Structures are given as structure tokens and as C-alpha cells.
$ cat work_8.tsv   # TSV, C-alpha atoms and all ligand atoms
chain	number	residue	atom	x	y	z
A	1355	MET	CA	83.41	83.83	122.87
A	1356	SER	CA	85.02	80.74	124.37
A	1357	VAL	CA	88.71	81.01	125.16
A	1358	ARG	CA	91.21	79.60	122.66
A	1359	HIS	CA	93.93	77.18	123.72
A	1360	PHE	CA	97.00	75.74	122.03
A	1361	LEU	CA	97.04	72.06	122.89
A	1362	SER	CA	97.74	70.75	119.41
A	1363	MET	CA	98.67	71.99	115.92
A	1364	MET	CA	95.08	71.15	114.96
A	1365	ASP	CA	93.70	73.94	117.16
A	1366	TYR	CA	94.53	76.51	114.46
A	1367	THR	CA	93.90	76.73	110.75
A	1368	PRO	CA	96.84	76.33	108.34
A	1369	ASP	CA	96.64	80.07	107.58
A	1370	GLU	CA	96.75	80.94	111.28
A	1371	LEU	CA	99.79	78.70	111.78
A	1372	VAL	CA	101.67	80.25	108.87
A	1373	GLY	CA	100.71	83.69	110.20
A	1374	LEU	CA	102.09	82.74	113.61
A	1375	ILE	CA	105.48	81.64	112.32
A	1376	ARG	CA	105.74	84.71	110.08
A	1377	ARG	CA	105.00	86.84	113.13
A	1378	GLY	CA	107.70	84.91	114.99
A	1379	ILE	CA	110.19	86.04	112.33
A	1380	GLU	CA	109.01	89.67	112.70
A	1381	LEU	CA	109.38	89.54	116.48
A	1382	LYS	CA	112.87	88.05	116.06
A	1383	ASN	CA	113.81	90.98	113.82
A	1384	LEU	CA	112.41	93.48	116.34
A	1385	ARG	CA	114.49	91.91	119.10
A	1386	ASN	CA	117.62	91.79	116.92
A	1387	ARG	CA	117.14	95.51	116.18
A	1388	GLY	CA	116.82	96.23	119.91
A	1389	VAL	CA	113.25	97.53	119.61
A	1390	LEU	CA	111.25	97.55	122.84
A	1391	PHE	CA	107.88	95.84	122.26
A	1392	GLU	CA	105.82	95.31	125.42
A	1393	PRO	CA	102.17	94.61	124.55
A	1394	LEU	CA	101.78	92.22	127.50
A	1395	LYS	CA	102.75	94.60	130.27
A	1396	ASN	CA	101.36	93.40	133.63
A	1397	ARG	CA	100.23	90.12	132.10
A	1398	VAL	CA	101.24	86.94	133.88
A	1399	LEU	CA	101.84	83.44	132.49
A	1400	GLY	CA	101.75	80.50	134.90
A	1401	MET	CA	104.03	77.61	133.91
A	1402	ILE	CA	103.32	74.17	135.37
A	1403	PHE	CA	106.20	71.78	134.82
A	1404	GLU	CA	105.67	68.13	135.78
A	1405	LYS	CA	108.77	67.22	133.73
A	1406	ALA	CA	112.22	68.77	133.36
A	1407	SER	CA	112.89	71.53	130.83
A	1408	THR	CA	115.57	73.93	129.67
A	1409	ARG	CA	114.32	75.40	126.39
A	1410	THR	CA	110.59	75.48	127.08
A	1411	ARG	CA	110.96	77.13	130.46
A	1412	LEU	CA	113.53	79.66	129.28
A	1413	SER	CA	111.71	80.57	126.09
A	1414	PHE	CA	108.36	81.12	127.80
A	1415	GLU	CA	109.84	82.96	130.77
A	1416	ALA	CA	112.19	85.15	128.72
A	1417	GLY	CA	109.46	85.64	126.12
A	1418	MET	CA	106.95	86.95	128.66
A	1419	ILE	CA	109.51	89.29	130.20
A	1420	GLN	CA	110.51	90.63	126.76
A	1421	LEU	CA	106.83	91.24	125.92
A	1422	GLY	CA	106.53	93.29	129.10
A	1423	GLY	CA	104.87	90.66	131.29
A	1424	GLN	CA	106.04	88.04	133.74
A	1425	ALA	CA	106.02	84.28	134.15
A	1426	ILE	CA	105.67	82.18	137.30
A	1427	PHE	CA	107.27	78.73	137.46
A	1428	LEU	CA	105.08	76.19	139.25
A	1429	SER	CA	106.33	72.71	140.07
A	1430	PRO	CA	103.84	70.09	141.30
A	1431	ARG	CA	106.22	69.45	144.19
A	1432	ASP	CA	105.61	72.93	145.54
A	1433	THR	CA	101.93	73.31	144.66
A	1434	GLN	CA	98.85	71.46	145.83
A	1435	LEU	CA	98.70	69.71	142.45
A	1436	GLY	CA	101.40	67.38	143.78
A	1437	ARG	CA	99.20	66.61	146.81
A	1438	GLY	CA	96.19	65.61	144.79
A	1439	GLU	CA	94.20	68.81	144.25
A	1440	PRO	CA	91.89	67.98	141.33
A	1441	ILE	CA	93.12	69.46	138.05
A	1442	GLY	CA	89.78	71.11	137.31
A	1443	ASP	CA	89.74	72.84	140.70
A	1444	ALA	CA	93.31	74.06	140.19
A	1445	ALA	CA	92.34	75.34	136.73
A	1446	ILE	CA	89.46	77.44	138.13
A	1447	VAL	CA	91.67	79.04	140.76
A	1448	MET	CA	94.81	79.50	138.69
A	1449	SER	CA	92.95	80.95	135.73
A	1450	SER	CA	91.28	83.49	138.00
A	1451	MET	CA	94.70	84.99	138.76
A	1452	LEU	CA	96.73	84.36	135.62
A	1453	ASP	CA	96.37	85.53	132.01
A	1454	ALA	CA	97.56	82.26	130.44
A	1455	VAL	CA	98.85	78.90	131.64
A	1456	MET	CA	101.51	76.70	130.05
A	1457	ILE	CA	101.56	73.06	131.13
A	1458	ARG	CA	104.21	70.37	130.61
A	1459	THR	CA	102.73	67.09	131.74
A	1460	PHE	CA	102.49	63.33	131.23
A	1461	ALA	CA	98.93	62.33	130.20
A	1462	HIS	CA	97.50	64.63	127.53
A	1463	SER	CA	94.16	64.40	129.35
A	1464	ASN	CA	95.68	66.57	132.11
A	1465	LEU	CA	95.84	69.38	129.56
A	1466	THR	CA	92.32	68.89	128.24
A	1467	GLU	CA	90.90	68.65	131.76
A	1468	PHE	CA	92.66	71.84	132.80
A	1469	ALA	CA	91.61	73.64	129.61
A	1470	ALA	CA	87.97	72.62	130.08
A	1471	LYS	CA	87.82	74.61	133.34
A	1472	SER	CA	90.25	77.41	132.49
A	1473	LYS	CA	89.07	80.97	131.88
A	1474	VAL	CA	92.39	81.80	130.18
A	1475	PRO	CA	94.34	80.23	127.29
A	1476	VAL	CA	96.17	76.98	128.04
A	1477	ILE	CA	99.33	76.11	126.11
A	1478	ASN	CA	100.74	72.61	125.70
A	1479	GLY	CA	104.41	72.77	126.71
A	1480	LEU	CA	104.72	69.00	125.95
A	1481	SER	CA	102.62	66.00	126.86
A	1482	ASP	CA	103.21	62.29	126.31
A	1483	ASP	CA	101.24	62.72	123.07
A	1484	LEU	CA	102.30	66.04	121.54
A	1485	HIS	CA	104.82	68.89	121.54
A	1486	PRO	CA	103.17	71.56	119.35
A	1487	CYS	CA	105.29	74.55	120.51
A	1488	GLN	CA	108.38	72.79	119.22
A	1489	LEU	CA	106.75	72.42	115.82
A	1490	LEU	CA	106.12	76.17	115.61
A	1491	ALA	CA	109.87	76.69	116.05
A	1492	ASP	CA	110.73	73.92	113.58
A	1493	MET	CA	108.41	75.32	110.92
A	1494	GLN	CA	109.76	78.84	111.47
A	1495	THR	CA	113.31	77.50	111.11
A	1496	PHE	CA	112.52	75.71	107.86
A	1497	LEU	CA	110.83	78.83	106.45
A	1498	GLU	CA	113.85	80.97	107.32
A	1499	HIS	CA	116.35	78.60	105.71
A	1500	ARG	CA	114.45	77.16	102.75
A	1501	GLY	CA	111.13	78.98	102.29
A	1502	SER	CA	107.75	77.24	102.37
A	1503	ILE	CA	107.71	73.60	103.43
A	1504	ALA	CA	104.51	72.93	101.46
A	1505	GLY	CA	105.02	70.08	98.98
A	1506	LYS	CA	108.35	69.03	100.54
A	1507	THR	CA	109.27	65.67	102.08
A	1508	VAL	CA	110.23	65.24	105.73
A	1509	ALA	CA	111.81	62.16	107.31
A	1510	TRP	CA	111.34	61.31	110.98
A	1511	ILE	CA	113.86	58.75	112.21
A	1512	GLY	CA	113.60	56.73	115.44
A	1513	ASP	CA	110.88	56.72	118.07
A	1514	GLY	CA	107.26	57.39	117.07
A	1515	ASN	CA	106.90	59.64	120.12
A	1516	ASN	CA	105.24	62.94	121.05
A	1517	MET	CA	107.49	64.87	118.64
A	1518	CYS	CA	106.72	62.43	115.84
A	1519	ASN	CA	102.97	62.79	116.49
A	1520	SER	CA	103.33	66.56	116.26
A	1521	TYR	CA	105.21	66.16	112.97
A	1522	ILE	CA	102.23	64.17	111.69
A	1523	GLU	CA	99.91	67.05	112.63
A	1524	ALA	CA	102.32	69.51	111.03
A	1525	ALA	CA	102.35	67.44	107.82
A	1526	MET	CA	98.58	67.89	107.61
A	1527	GLN	CA	98.60	71.58	108.50
A	1528	PHE	CA	101.67	72.67	106.52
A	1529	ASP	CA	101.04	70.33	103.57
A	1530	PHE	CA	104.16	68.16	103.43
A	1531	GLN	CA	104.79	64.42	103.06
A	1532	LEU	CA	106.17	62.63	106.10
A	1533	LYS	CA	108.12	59.37	106.10
A	1534	VAL	CA	108.62	57.80	109.53
A	1535	ALA	CA	111.32	55.14	110.00
A	1536	CYS	CA	110.90	53.31	113.32
A	1537	PRO	CA	111.30	49.82	114.77
A	1538	THR	CA	108.25	47.56	114.95
A	1539	GLY	CA	106.21	48.41	118.02
A	1540	TYR	CA	107.45	52.01	118.20
A	1541	GLU	CA	105.20	53.53	115.56
A	1542	PRO	CA	103.51	56.90	116.14
A	1543	ASP	CA	100.06	56.93	117.74
A	1544	ALA	CA	97.53	55.16	115.49
A	1545	ARG	CA	94.99	57.98	116.01
A	1546	PHE	CA	97.29	60.51	114.37
A	1547	LEU	CA	98.28	58.11	111.58
A	1548	ALA	CA	94.61	57.46	110.79
A	1549	LEU	CA	93.90	61.20	110.59
A	1550	ALA	CA	96.84	61.82	108.28
A	1551	GLY	CA	96.09	58.99	105.84
A	1552	GLU	CA	98.43	58.82	102.84
A	1553	ARG	CA	100.30	61.92	103.87
A	1554	VAL	CA	102.33	59.81	106.30
A	1555	GLN	CA	104.18	56.62	105.44
A	1556	VAL	CA	105.74	54.32	108.06
A	1557	VAL	CA	108.80	52.31	106.97
A	1558	ARG	CA	111.47	50.32	108.80
A	1559	ASP	CA	114.59	51.39	106.90
A	1560	PRO	CA	115.99	54.87	107.73
A	1561	ARG	CA	117.63	55.09	104.27
A	1562	GLU	CA	114.26	54.54	102.62
A	1563	ALA	CA	112.76	57.31	104.77
A	1564	VAL	CA	115.45	59.90	104.03
A	1565	ALA	CA	115.58	59.31	100.25
A	1566	GLY	CA	114.65	62.67	98.71
A	1567	ALA	CA	113.91	64.26	102.11
A	1568	HIS	CA	114.30	68.04	102.47
A	1569	LEU	CA	114.22	67.83	106.26
A	1570	VAL	CA	115.40	65.02	108.53
A	1571	SER	CA	114.54	65.06	112.22
A	1572	THR	CA	114.94	62.75	115.19
A	1573	ASP	CA	114.66	62.77	118.96
A	1574	VAL	CA	115.85	60.84	122.01
A	1575	TRP	CA	115.16	57.10	122.07
A	1576	ALA	CA	113.72	57.22	125.61
A	1577	SER	CA	111.50	60.19	126.38
A	1578	MET	CA	110.84	61.63	129.81
A	1579	GLY	CA	108.85	59.05	131.76
A	1580	GLN	CA	110.42	56.13	129.85
A	1581	GLU	CA	113.65	56.00	131.84
A	1582	ASP	CA	113.00	52.36	132.86
A	1583	GLU	CA	112.92	51.30	129.22
A	1584	ALA	CA	116.08	53.17	128.23
A	1585	GLU	CA	118.46	50.21	128.14
A	1586	GLN	CA	116.17	47.99	126.12
A	1587	ARG	CA	115.44	50.86	123.71
A	1588	MET	CA	119.17	51.59	123.16
A	1589	ALA	CA	119.76	48.18	121.64
A	1590	LEU	CA	116.63	48.23	119.52
A	1591	PHE	CA	117.09	51.73	118.11
A	1592	ARG	CA	120.81	51.41	117.29
A	1593	PRO	CA	120.18	51.07	113.50
A	1594	TYR	CA	118.24	54.36	113.64
A	1595	GLN	CA	121.14	56.63	114.55
A	1596	VAL	CA	121.23	59.72	112.28
A	1597	THR	CA	124.72	60.27	110.89
A	1598	ARG	CA	126.35	62.49	108.25
A	1599	GLU	CA	126.26	59.45	105.93
A	1600	LEU	CA	122.52	59.06	106.40
A	1601	LEU	CA	122.02	62.75	105.54
A	1602	ASP	CA	124.12	62.17	102.36
A	1603	ALA	CA	121.32	59.85	101.21
A	1604	ALA	CA	118.72	62.68	101.51
A	1605	ALA	CA	118.07	65.61	99.14
A	1606	GLU	CA	121.08	67.80	98.28
A	1607	ASP	CA	119.69	70.75	100.27
A	1608	VAL	CA	118.50	68.70	103.27
A	1609	LEU	CA	118.29	70.31	106.72
A	1610	PHE	CA	118.68	68.41	109.97
A	1611	MET	CA	116.66	69.30	113.09
A	1612	HIS	CA	116.62	67.97	116.63
A	1613	CYS	CA	114.33	69.44	119.30
A	1614	LEU	CA	117.10	68.91	121.91
A	1615	PRO	CA	118.31	67.83	124.38
A	1616	ALA	CA	120.34	65.41	122.23
A	1617	HIS	CA	122.18	62.31	123.32
A	1618	ARG	CA	125.28	62.48	121.13
A	1619	GLY	CA	126.38	58.96	120.22
A	1620	GLU	CA	122.85	57.60	120.56
A	1621	GLU	CA	120.13	58.97	118.25
A	1622	ILE	CA	122.72	61.18	116.49
A	1623	SER	CA	126.41	60.65	115.78
A	1624	PHE	CA	128.72	62.75	117.99
A	1625	ASP	CA	129.45	65.30	115.25
A	1626	LEU	CA	126.01	65.71	113.69
A	1627	LEU	CA	125.06	68.98	115.40
A	1628	ASP	CA	128.29	70.49	113.98
A	1629	ASP	CA	127.41	69.49	110.41
A	1630	PRO	CA	126.53	72.52	108.23
A	1631	ARG	CA	123.20	70.85	107.39
A	1632	SER	CA	122.16	70.95	111.06
A	1633	VAL	CA	120.05	73.95	112.11
A	1634	ALA	CA	119.39	72.68	115.64
A	1635	TRP	CA	120.74	75.84	117.35
A	1636	ASP	CA	118.55	78.15	115.24
A	1637	GLN	CA	115.67	75.80	115.93
A	1638	ALA	CA	116.24	76.07	119.68
A	1639	GLU	CA	116.47	79.88	119.55
A	1640	ASN	CA	113.28	80.03	117.51
A	1641	ARG	CA	111.37	78.55	120.43
A	1642	LEU	CA	111.62	82.03	121.92
A	1643	HIS	CA	110.43	83.93	118.86
A	1644	ALA	CA	107.68	81.52	117.79
A	1645	GLN	CA	106.21	81.35	121.29
A	1646	LYS	CA	106.32	85.12	121.65
A	1647	ALA	CA	104.09	85.22	118.56
A	1648	LEU	CA	101.84	82.64	120.19
A	1649	LEU	CA	101.67	84.58	123.47
A	1650	GLU	CA	100.97	87.81	121.60
A	1651	MET	CA	98.05	86.11	119.84
A	1652	LEU	CA	96.60	84.32	122.88
A	1653	VAL	CA	97.10	86.72	125.77
A	1654	GLU	CA	94.92	89.81	126.04
A	1655	PRO	CA	97.02	92.96	125.59
A	1656	ALA	CA	97.89	95.24	128.49
A	1657	TYR	CA	95.31	96.85	130.77
A	1658	HIS	CA	94.29	100.43	130.13
A	1659	HIS	CA	95.10	103.12	132.64
A	1660	ALA	CA	92.16	104.06	134.87
B	1701	LIG	N1	112.90	70.87	123.11
B	1701	LIG	C1	112.47	71.07	124.35
B	1701	LIG	O1	111.27	71.12	124.62
B	1701	LIG	O2	113.46	71.23	125.27
B	1701	LIG	P1	113.29	71.28	126.86
B	1701	LIG	O3	112.90	69.89	127.30
B	1701	LIG	O4	114.65	71.68	127.35
B	1701	LIG	O5	112.23	72.27	127.21
B	1702	LIG	N1	110.40	63.24	123.29
B	1702	LIG	C1	111.11	64.00	124.28
B	1702	LIG	C2	111.12	65.45	123.90
B	1702	LIG	C3	111.85	66.35	124.87
B	1702	LIG	C4	111.81	67.80	124.45
B	1702	LIG	C5	110.46	63.79	125.64
B	1702	LIG	O1	109.22	63.75	125.71
B	1702	LIG	O2	111.17	63.63	126.63
$ encode --input "work_8.tsv" --output "C-alpha cells"
Amino acid sequence: MSVRHFLSMMDYTPDELVGLIRRGIELKNLRNRGVLFEPLKNRVLGMIFEKASTRTRLSFEAGMIQLGGQAIFLSPRDTQLGRGEPIGDAAIVMSSMLDAVMIRTFAHSNLTEFAAKSKVPVINGLSDDLHPCQLLADMQTFLEHRGSIAGKTVAWIGDGNNMCNSYIEAAMQFDFQLKVACPTGYEPDARFLALAGERVQVVRDPREAVAGAHLVSTDVWASMGQEDEAEQRMALFRPYQVTRELLDAAAEDVLFMHCLPAHRGEEISFDLLDDPRSVAWDQAENRLHAQKALLEMLVEPAYHHA
């Protein structure tokens, strides 16, 4: 059987995704009860980071250690990838020594090219197009706080970026309506919009997007790799700042999420993460639990003794 990867939310069925986030909750409970659970003893995850990270690196590294395995951090600067070794060649070699590979990169094609040659599962730790691991944590967080997200309405405010594209995929897979409020020219990727059809609506006015929303989410106005555009984006996105007042215009029981890192005073008001409607800290912690469920599913369990 060909190896399974996790490059996008569309790589799994809706049932598999719900199963994964439920398993994430079980693994969180095990950890909170201090139960040792090490099915991945001796297994090794390679982590290629072409962009900075706090949460993704920590959650994968800590997650592997907690499951009994280990993780190796690989930066292009210190590997031959940074000196032009072809991705496919690197994939053949790396996957002959590792049990899974997580990649945070720029072009999404880097992930698909690596996966095409990899003998072990490849996990998307963020590309310019998508951030599916974050969505596992977000969906787990919603389930924990409010129950099933099916049939609910979600508002995405700001840049139609990689996170927004993953929210579009999540809308299809978890069966919710998504309203995206973004400036002209900063819409999510047309390919994802076309796939989602009427499930996703793009508007200009943030208040229109949040009306009736059970979940409001946003992200930085300039993603990694867009540093040169930051100043120009600041001015353009100013009307898209998420504030307590904007959340007041959403559903009574609305939750606020932010994948973090946040720029307080830019895409969110300074105090928003302290608002009781914000679950951003739970969301960040759930990266650990949700990805442990993913690793448990993707990585072959421990070797048998000879
Ligand atoms: N949300 C997220 O992916 O955070 P990091 O960039 O810190 O990994
Ligand atoms: N959209 C952001 C997400 C960071 C977790 C970026 O790509 O930089």
C-alpha cells in the first residue's frame, strides 16, 4: 500500500479527521493524568524548517518524545538542501533513515515533490498555501469548548492566506459555513474557493462576516516571506483589526482563535487575547495533542524485540 501523507485537510475523509481530533482529546487526557504512552519508541521524525517556528517545532518535538520517539531538527542552512541538493534526492535519502518527515516550507510544490519520493509519511508543517496541522488544533479546540462545528458559521477576517485556505478546506471537511472578510486583491486562493463553492462567501466588511458567527479567526497581515510588503499591508488591512467590539457583533457564544504568533495592535486589538471569548492559548496547546494523534496514526508503531 502506498504511504499516506498529511499535506492538506483533503488527504483524509471527514470521519478520519473527526476521529483524529477525538483521539487528540484522549491523548490530552492521558497526558493530564500522567499516563505513560510510548507507542513510537525508537521512531524518529525529521523536521525540515525553511521558516521560523515556535509552536510547530515544539509541538512536534515534544510530541515525539512523549510518544517514546525522537525528533531531529533540520534547517536548510545546515543541510545540503540549502546548497541545492534536489528535493527528490533528499527525500529518498532522508526517508530511508527516518520514520516520518515534517516540512515547513515556502512553495507547496516542495512538499509534493518530497512526498512523491518519500518512503515514509510527510506532514505539512506550513507552506505558502496551507497550514493543515493548525486546523486540527483549531477543530479540536472548538469541539472541546462548543461541541461539533458542523452547521455552524465561521468568520475569517483579514488576509486570505495559507491559514484562510486551510479554513476553506476545513469548511468542506467539517461541514461549516465560512465567511471571509478581506481587502480587494487579498482573497484566498481561487482554487480553494472554486472547490468550496457556496460554502464560502467572500465579503469586504468585517461586520458583515462576523454577523451570526460562532467562531472568528484571524492571522498576521504579512506572513513569513512577505516581509517586504509589510508596510503597505499595514495601511490596507487597518479596517480589518479584530476587536472586542467586532466580537460583540458575532453570535452570543462566539469563540475567537488566532494561530499565533499575534501582532497585538495590528490584526488584533492589544487586549483581545485576554478576552474571555478568546481560546488562543488552548488552541496553541492543542497543537501538541492533535499532532500526537496524527503521529500515532501515521508512524508505524515500535519495532518488536528480536
Ligand atoms: N501557529 C504556528 O504554526 O506557530 P509557529 O509559527 O510558532 O510554529
Ligand atoms: N500566515 C502565517 C502563519 C504563521 C503560523 C505565516 O505563514 O507566516
$ residues_near_ligand --input "work_8.tsv" --ligand "ligand LIG 1702 (chain B)" --cutoff "6 Å" --atoms "only C-alpha atoms and all ligand atoms" --output "ChimeraX atom specification"
/A:1515-1517,1577-1578,1613-1614
$ residues_around --input "work_8.tsv" --residues "A:Leu1547" --least-positions-apart "6" --cutoff "10 Å" --atoms "all atoms listed in the file" --output "mmCIF file with C-alpha atoms, in the coordinates of the input"
data_model
loop_
_atom_site.group_PDB
_atom_site.id
_atom_site.type_symbol
_atom_site.label_atom_id
_atom_site.label_comp_id
_atom_site.auth_asym_id
_atom_site.auth_seq_id
_atom_site.Cartn_x
_atom_site.Cartn_y
_atom_site.Cartn_z
ATOM 1 C CA ASN A 1519 102.970 62.790 116.490
ATOM 2 C CA ILE A 1522 102.230 64.170 111.690
ATOM 3 C CA GLU A 1523 99.910 67.050 112.630
ATOM 4 C CA GLU A 1541 105.200 53.530 115.560
ATOM 5 C CA ARG A 1553 100.300 61.920 103.870
ATOM 6 C CA VAL A 1554 102.330 59.810 106.300
ATOM 7 C CA GLN A 1555 104.180 56.620 105.440
ATOM 8 C CA VAL A 1556 105.740 54.320 108.060
#
$ residues_near_ligand --input "work_8.tsv" --ligand "ligand LIG 1701 (chain B)" --cutoff "9 Å" --atoms "only C-alpha atoms and all ligand atoms" --output "VMD selection string"
chain A and resid 1405 to 1413 1458 1479 to 1480 1485 1487 to 1488 1578 1612 to 1615 1638 1641
$ atom_distance --input "work_8.tsv" --atom1 "atom CA of A:Val1447" --atom2 "atom CA of A:Ser1472"
8.5 Å
$ closest_residue --input "work_8.tsv" --among "A:Phe1391, A:Tyr1366, A:Trp1575, A:Phe1468" --to "A:Phe1528" --atoms "all atoms listed in the file"
A:Tyr1366
$ atom_distance --input "work_8.tsv" --atom1 "atom CA of A:Pro1368" --atom2 "atom CA of A:Ala1644"
15.3 Å
$ closest_residue --input "work_8.tsv" --among "A:Lys1646, A:Ser1356, A:Ile1402, A:Gln1434" --to "A:Phe1460" --atoms "all atoms listed in the file"
A:Ile1402
